[in-house]
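Heads up: the structure comes next, in structure tokens.
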Amino acid sequence: MSSIKRPSPIELTRLEAVARRLNGAWSELTAVEILRNTFAGSLFIKNPVLVSSFGADSAVLLHLLSLVEKSAEVVFLDTGFHFDETLTYRRELTRALGLTKVRVARVDPLAAKRHDALGRLHRDQPDACCQLRKVNTLDRHLRMNDAWISGQRQAQASTRLELQCVEVDRLRGKLKINPLAQWSEDEIATYKVVNNLLEHPLASEGFLSVGCAPCTSPVIAGEDSRAGRWRGSAKLECGLHDRTHIIASSESAA
Ligand code: SF4
């Protein structure tokens, strides 16, 4: 069970109005300007946190963050099933960018013991596994934050085409900021080269999106970058970004 308090309808209406306002005000801003505004402290956003998977493209958003505020809070969800390369990359990239507040949020050990004592839930019930190891872990961590920032982009997958810069996470009652929402694959690749960013060690092996080891495979030419996640199953998202519970502000505008 998730530990987060569900938002009231009144609170959701307030958040939707804020998201509409910010999307309008920020429509011409660059990603770094969006991050700067997000961390500037305002009536609307007081305590944001950036959630990073330290995956194949994560260095871009983390580098932008390091230009704005090296002591900004970053959280990494440790599911217990990450590739060793990802854990090493998290340490090395954090050091290279000089980020000082990267926290690791771990799965509740009692819940893991109760629901997945053998560590096999991902084989038969991947949705339940993601709920236990990712969604509930993020819920617990986000209790103290009023907004979170993600590296999601429209170009990553067909499920993300409607993604906007500012959304309302209706499940958690938080604002969600996506500074890279409109960045293309080419822009991401160019930014990495121009800024000489450390690459995830598995990127060169065809892992264009890196999740948990049992559920991630390399992609082949022509596939979208998330095609290697839960390959062979109908599952497309882990639930952190459940789009059935996200309101993009312009969609909800009257
Ligand atoms: S990606 Fe796979 S191993 Fe990781 S939490 Fe989801 S189902 Fe479990």
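Residue names in the structure tokens use chain letters A, B, ... in the order shown, residue numbers from 1 in each chain, and ligand numbers from 1 in the order shown.
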
Exercise for review: Please provide as a VMD selection string all residues within 9 Å of stretch 78-83 of chain A, with the sequence filter that same-chain residues fewer than 2 positions apart are discarded (counting only C-alpha atoms).
Suggested key: chain A and resid 53 76 85 to 88 104 to 107 130 132 to 134 137 210 to 214

Could you give me, as a compact mmCIF listing (two decimals) with N, CA and C atoms, in the first residue's frame, each residue of stretch 5-193 of chain A that DSSP assigns to strand (DSSP E or B) when run on this structure's backbone?
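Saved to result-v9.txt:
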# COMPACT_ATOMS: atom_id res chain seq x y z
N PRO A 48 11.24 21.66 -3.92
CA PRO A 48 11.28 20.68 -5.01
C PRO A 48 12.42 19.67 -4.86
N VAL A 49 12.26 18.54 -5.48
CA VAL A 49 13.32 17.53 -5.51
C VAL A 49 13.40 16.96 -6.92
N LEU A 50 14.61 16.73 -7.39
CA LEU A 50 14.79 16.13 -8.70
C LEU A 50 14.93 14.61 -8.54
N VAL A 51 14.12 13.87 -9.25
CA VAL A 51 14.17 12.40 -9.17
C VAL A 51 14.91 11.89 -10.39
N VAL A 74 18.47 15.78 -4.81
CA VAL A 74 18.26 14.79 -5.87
C VAL A 74 17.98 13.46 -5.18
N VAL A 75 17.04 12.70 -5.71
CA VAL A 75 16.80 11.38 -5.13
C VAL A 75 16.89 10.30 -6.20
N PHE A 76 17.52 9.20 -5.83
CA PHE A 76 17.66 8.01 -6.67
C PHE A 76 16.91 6.88 -5.99
N LEU A 77 16.00 6.24 -6.72
CA LEU A 77 15.23 5.14 -6.15
C LEU A 77 16.00 3.85 -6.33
N ASP A 78 16.45 3.29 -5.24
CA ASP A 78 17.20 2.04 -5.33
C ASP A 78 16.23 0.87 -5.16
N HIS A 82 19.07 -2.78 -9.57
CA HIS A 82 19.80 -2.00 -10.58
C HIS A 82 21.04 -2.76 -11.05
N VAL A 102 22.68 14.19 -3.12
CA VAL A 102 22.05 13.08 -3.83
C VAL A 102 21.71 12.01 -2.81
N ARG A 103 20.44 11.77 -2.64
CA ARG A 103 20.00 10.80 -1.63
C ARG A 103 19.55 9.51 -2.31
N VAL A 104 19.70 8.42 -1.60
CA VAL A 104 19.25 7.12 -2.10
C VAL A 104 18.02 6.72 -1.30
N ALA A 105 16.89 6.53 -2.00
CA ALA A 105 15.66 6.09 -1.34
C ALA A 105 15.52 4.58 -1.57
N ARG A 106 15.49 3.83 -0.48
CA ARG A 106 15.45 2.38 -0.60
C ARG A 106 14.06 1.83 -0.32
N ALA A 147 6.89 19.51 -4.88
CA ALA A 147 7.02 19.38 -6.34
C ALA A 147 8.20 18.46 -6.63
N TRP A 148 8.12 17.79 -7.77
CA TRP A 148 9.27 16.99 -8.18
C TRP A 148 9.59 17.23 -9.64
N ILE A 149 10.82 16.95 -9.98
CA ILE A 149 11.35 17.25 -11.31
C ILE A 149 11.79 15.94 -11.94
N VAL A 166 5.00 21.58 -17.17
CA VAL A 166 4.46 21.52 -15.80
C VAL A 166 3.16 20.72 -15.82
N GLU A 167 3.09 19.72 -14.99
CA GLU A 167 1.90 18.88 -14.90
C GLU A 167 1.47 18.78 -13.44
N VAL A 168 0.30 18.22 -13.25
CA VAL A 168 -0.15 17.92 -11.90
C VAL A 168 -0.12 16.40 -11.72
N ASP A 169 0.64 15.97 -10.74
CA ASP A 169 0.66 14.56 -10.37
C ASP A 169 -0.53 14.36 -9.43
N LYS A 174 1.06 16.72 -6.21
CA LYS A 174 2.29 17.52 -6.34
C LYS A 174 2.35 18.13 -7.74
N LEU A 175 3.09 19.21 -7.85
CA LEU A 175 3.45 19.68 -9.18
C LEU A 175 4.60 18.83 -9.68
N LYS A 176 4.62 18.63 -10.98
CA LYS A 176 5.71 17.85 -11.57
C LYS A 176 6.29 18.66 -12.72
N ILE A 177 7.59 18.89 -12.67
CA ILE A 177 8.24 19.75 -13.65
C ILE A 177 9.09 18.89 -14.57

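Of the residues under consideration (A:Gln131, A:Gln182, A:Ser150, A:Ser42), A:Gln131 shows the shortest atom-to-atom contact distance to ligand 1 when counting only C-alpha atoms and all ligand atoms.
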
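Atom CA of A:Ile188 is positioned 16.3 Å from atom CA of A:Arg160.
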
Exercise for review: List every residue of stretch 19-244 of chain A that DSSP, applied to the backbone, labels as helix (DSSP H, G or I), and write the result as a PyMOL selection string.
Suggested key: chain A and resi 19-25+31-39+58-68+84-97+109-115+121-124+126-144+154-156+158-160+185-194+203-205+213-215+243-244

Point to revise | Contacts of A:Trp26 at 9 Å (only C-alpha atoms; same-chain gap of 5+ positions) as a count of residues only | key: 5

Review point. Residues at most 9 Å from A:Gly228, counting only C-alpha atoms, excluding those fewer than 5 positions away in the same chain, as a list of chain:residue names?
Key: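 Contacts, with the query itself left out: A:Phe207, A:Leu208, A:Ser209, A:Val210, A:Cys215, A:Thr216, A:Ser217, A:Pro218, A:Val219, A:Ile220, A:Glu223.
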
Print the selection's residues with C-alpha atoms to a file, as a PDB file, in the first residue's frame.
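Once everything was written out, this is out02.pdb:
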ATOM      1  CA  PHE A 207      20.896   0.385 -23.582  1.00  0.00           C
ATOM      2  CA  LEU A 208      19.262   3.692 -24.529  1.00  0.00           C
ATOM      3  CA  SER A 209      17.048   3.576 -21.444  1.00  0.00           C
ATOM      4  CA  VAL A 210      18.388   1.866 -18.354  1.00  0.00           C
ATOM      5  CA  CYS A 215      13.512  -5.792 -17.006  1.00  0.00           C
ATOM      6  CA  THR A 216      15.867  -3.961 -19.363  1.00  0.00           C
ATOM      7  CA  SER A 217      17.397  -5.031 -22.669  1.00  0.00           C
ATOM      8  CA  PRO A 218      19.282  -3.168 -25.401  1.00  0.00           C
ATOM      9  CA  VAL A 219      17.332  -1.569 -28.253  1.00  0.00           C
ATOM     10  CA  ILE A 220      17.952  -2.009 -31.947  1.00  0.00           C
ATOM     11  CA  GLU A 223      13.166   1.375 -31.961  1.00  0.00           C
TER      12      GLU A 223
END

Review point. When distances are computed from only C-alpha atoms and all ligand atoms, which of A:Ala203, A:Cys129, A:Ala234, A:Leu99 shows the smallest separation from ligand 1?
Key: A:Cys129

Practice item. Choose the residue, out of A:Glu11, A:Asp116, A:Glu185, A:Glu205, that has the smallest atom-to-atom separation from ligand 1; count only C-alpha atoms and all ligand atoms. Key: A:Asp116

Check your understanding: Looking at A:Leu171, A:Leu198, A:Ala189, A:Leu236, which one is nearest to A:Ser8, with distances taken over only C-alpha atoms?
Key -> A:Leu171

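Take atom 5 (S, counted along the ligand's line) of ligand 1 and atom CA of A:Trp183: the distance between them is 26.5 Å.
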
Review point. Which one is closest to A:Phe44: A:His63, A:Arg143, A:Arg14, A:Arg95? Count only C-alpha atoms.
Key: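 Among the listed residues, A:Arg14 lies closest to A:Phe44.
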
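Using only C-alpha atoms for every distance, the candidate list A:Arg170, A:Val193, A:Gly222, A:His200 yields A:Arg170 as the residue closest to A:His241.
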